[in-house]
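Structure first, then comments.
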Amino acid sequence: MLRASLRASPLLLAASVRVARAFSPFAGAGAKPLPIVPMSGFPLNAVGVADVLKAPKWPADWPYAPRDFTRGDESPDPRFYDMPRFCFHVDDAAVAALTDFYGTAFREWEKPAILDICASHVSHFPSDVADFAGKRVALGMNEEELQKNGQVDSYVVKDLNEEPILPFEDNSFDIVTNVVSIDYLTQPLAICKEVARVLKPGGQAMFALSNRCFPTKAVDIWLRTNDLEHVFVVGSYFHYTGGFKPPSAVEVSPNQDTTPWAGGRSQNIAYLAVVRATVDK
């Protein structure tokens, strides 16, 4: 959905706590800001992406409140996405790392049918994806961007925040991808339930996360949590659908062995993690 961005705008790409909290819908609005505290069930001993979902202790019930999915800019999303942005939301190195990841992961299926949600002019699929994959569909907000996406066979223009329904039959896809856009969805549980519905038995969701965002359009829970907690949040969406097997996560960033973490936040400008969840049907 917010895949593409203008690299020349560091404000929009910032992911620091200071910037994020400044764009919270509750900043300066008279409501008391929620404190940034460890999330219930989050493994405090997690030191990397892969640790977060190894043995999470999920709360018994959905732990989020409606305010967690409010945004600083609640204007209609079609207005924000009206202008096409033909560039990337993350660095070239992160894009290359994700494409390499897809090149291996997609081949776990024979001729997989792939749906890319919150898509734009590029899906970051391998250049030879047409040689080994089946149908490929992009769903996004800007038709001009989607028309330029040469990695898919077809596209659908749809605002998932307005109507969190995927316009496809049950059991239509082997893989559903989402690249650095889950933080903009205001009804993520409904969307993940839809992802489970359209996945074929044995199918898998692959959601990529970065440490960048448009803070005015990101949901409040995202702005109040760090990179490791983001992995936990997305994993929890899959868990609470009741339609997926336990999710897992992997960091695919380049140079991750030499790039430090600080307070649960990656210092890697090309940070990228992927949360994977196999449908349980």
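Starting from 1 in every chain, residues are counted up; chains themselves are A, B, ... following the order of the structure tokens, and ligands are numbered from 1 as listed.
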
Just the residues within 8 Å of Tyr237 in chain A, please, counting only C-alpha atoms, with nothing from its chain fewer than 4 positions along; format it as a PyMOL selection string. chain A and resi 188-189+192+233+241

Write to file, as a short mmCIF file (atom, residue, chain, number, x, y, z; two decimals), in the first residue's frame, the residues of the selection just made, with C-alpha atoms.
data_model
loop_
_atom_site.label_atom_id
_atom_site.label_comp_id
_atom_site.auth_asym_id
_atom_site.auth_seq_id
_atom_site.Cartn_x
_atom_site.Cartn_y
_atom_site.Cartn_z
CA PRO A 188 -5.06 -6.34 10.23
CA LEU A 189 -6.88 -9.21 11.90
CA CYS A 192 -5.08 -11.90 7.90
CA VAL A 233 2.86 -7.79 16.55
CA THR A 241 -6.86 -15.48 13.26
#

Which parts of range 41-254 of chain A does DSSP call alpha helix (DSSP H) when run on the backbone here, written out as a PyMOL selection string? chain A and resi 49-52+77-80+92-105+129-132+143-147+188-198+220-223+227-241

Nearest to Ser266 in chain A among A:Glu108, A:Glu251, A:Asp170, A:Asp131, with distances taken over only C-alpha atoms: which residue is it?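 Among A:Glu108, A:Glu251, A:Asp170, A:Asp131, it is A:Glu251 that comes nearest to Ser266 in chain A.
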
Any idea what's packed within 8 Å of Phe106 in chain A, counting only C-alpha atoms, ignoring anything in its chain fewer than 3 positions away? Could you give it as a PDB file with all heavy atoms, in the first residue's frame?
ATOM      1  N   TYR A 102      12.852 -14.345  -1.815  1.00  0.00           N
ATOM      2  CA  TYR A 102      11.742 -14.855  -2.611  1.00  0.00           C
ATOM      3  C   TYR A 102      12.211 -15.921  -3.600  1.00  0.00           C
ATOM      4  O   TYR A 102      11.502 -16.906  -3.853  1.00  0.00           O
ATOM      5  CB  TYR A 102      11.096 -13.716  -3.398  1.00  0.00           C
ATOM      6  CG  TYR A 102      10.157 -12.817  -2.632  1.00  0.00           C
ATOM      7  CD1 TYR A 102       9.824 -11.551  -3.136  1.00  0.00           C
ATOM      8  CD2 TYR A 102       9.572 -13.208  -1.428  1.00  0.00           C
ATOM      9  CE1 TYR A 102       8.955 -10.711  -2.464  1.00  0.00           C
ATOM     10  CE2 TYR A 102       8.697 -12.369  -0.749  1.00  0.00           C
ATOM     11  CZ  TYR A 102       8.401 -11.120  -1.272  1.00  0.00           C
ATOM     12  OH  TYR A 102       7.521 -10.288  -0.617  1.00  0.00           O
ATOM     13  N   GLY A 103      13.395 -15.712  -4.187  1.00  0.00           N
ATOM     14  CA  GLY A 103      13.903 -16.644  -5.184  1.00  0.00           C
ATOM     15  C   GLY A 103      14.037 -18.054  -4.662  1.00  0.00           C
ATOM     16  O   GLY A 103      13.875 -19.031  -5.411  1.00  0.00           O
ATOM     17  N   TRP A 109       7.228 -24.354  -3.767  1.00  0.00           N
ATOM     18  CA  TRP A 109       6.003 -24.813  -4.417  1.00  0.00           C
ATOM     19  C   TRP A 109       6.281 -25.022  -5.900  1.00  0.00           C
ATOM     20  O   TRP A 109       7.194 -24.405  -6.468  1.00  0.00           O
ATOM     21  CB  TRP A 109       4.889 -23.770  -4.279  1.00  0.00           C
ATOM     22  CG  TRP A 109       4.333 -23.647  -2.907  1.00  0.00           C
ATOM     23  CD1 TRP A 109       3.205 -24.231  -2.406  1.00  0.00           C
ATOM     24  CD2 TRP A 109       4.861 -22.859  -1.822  1.00  0.00           C
ATOM     25  NE1 TRP A 109       3.004 -23.864  -1.097  1.00  0.00           N
ATOM     26  CE2 TRP A 109       4.004 -23.019  -0.721  1.00  0.00           C
ATOM     27  CE3 TRP A 109       5.990 -22.039  -1.688  1.00  0.00           C
ATOM     28  CZ2 TRP A 109       4.232 -22.395   0.505  1.00  0.00           C
ATOM     29  CZ3 TRP A 109       6.218 -21.408  -0.468  1.00  0.00           C
ATOM     30  CH2 TRP A 109       5.345 -21.594   0.610  1.00  0.00           C
ATOM     31  N   PRO A 112       3.742 -21.912  -8.117  1.00  0.00           N
ATOM     32  CA  PRO A 112       2.865 -21.291  -7.118  1.00  0.00           C
ATOM     33  C   PRO A 112       2.060 -20.126  -7.678  1.00  0.00           C
ATOM     34  O   PRO A 112       2.554 -19.322  -8.475  1.00  0.00           O
ATOM     35  CB  PRO A 112       3.869 -20.792  -6.070  1.00  0.00           C
ATOM     36  CG  PRO A 112       5.125 -20.533  -6.852  1.00  0.00           C
ATOM     37  CD  PRO A 112       5.169 -21.642  -7.861  1.00  0.00           C
ATOM     38  N   ALA A 133       6.714 -19.723 -11.684  1.00  0.00           N
ATOM     39  CA  ALA A 133       5.496 -19.492 -10.910  1.00  0.00           C
ATOM     40  C   ALA A 133       4.262 -19.549 -11.804  1.00  0.00           C
ATOM     41  O   ALA A 133       4.357 -19.450 -13.033  1.00  0.00           O
ATOM     42  CB  ALA A 133       5.568 -18.148 -10.200  1.00  0.00           C
ATOM     43  N   ILE A 175       0.776 -18.548  -2.181  1.00  0.00           N
ATOM     44  CA  ILE A 175       1.580 -17.576  -1.438  1.00  0.00           C
ATOM     45  C   ILE A 175       0.873 -16.226  -1.458  1.00  0.00           C
ATOM     46  O   ILE A 175       0.351 -15.804  -2.494  1.00  0.00           O
ATOM     47  CB  ILE A 175       2.984 -17.418  -2.075  1.00  0.00           C
ATOM     48  CG1 ILE A 175       3.735 -18.759  -2.093  1.00  0.00           C
ATOM     49  CG2 ILE A 175       3.807 -16.363  -1.344  1.00  0.00           C
ATOM     50  CD1 ILE A 175       4.982 -18.744  -2.969  1.00  0.00           C
TER      51      ILE A 175
END

Determine which residues of range 58-195 of chain A DSSP labels as strand (DSSP E) from the backbone of this structure, then write them out as a PyMOL selection string. chain A and resi 114-119+136-140+154-157+173-179
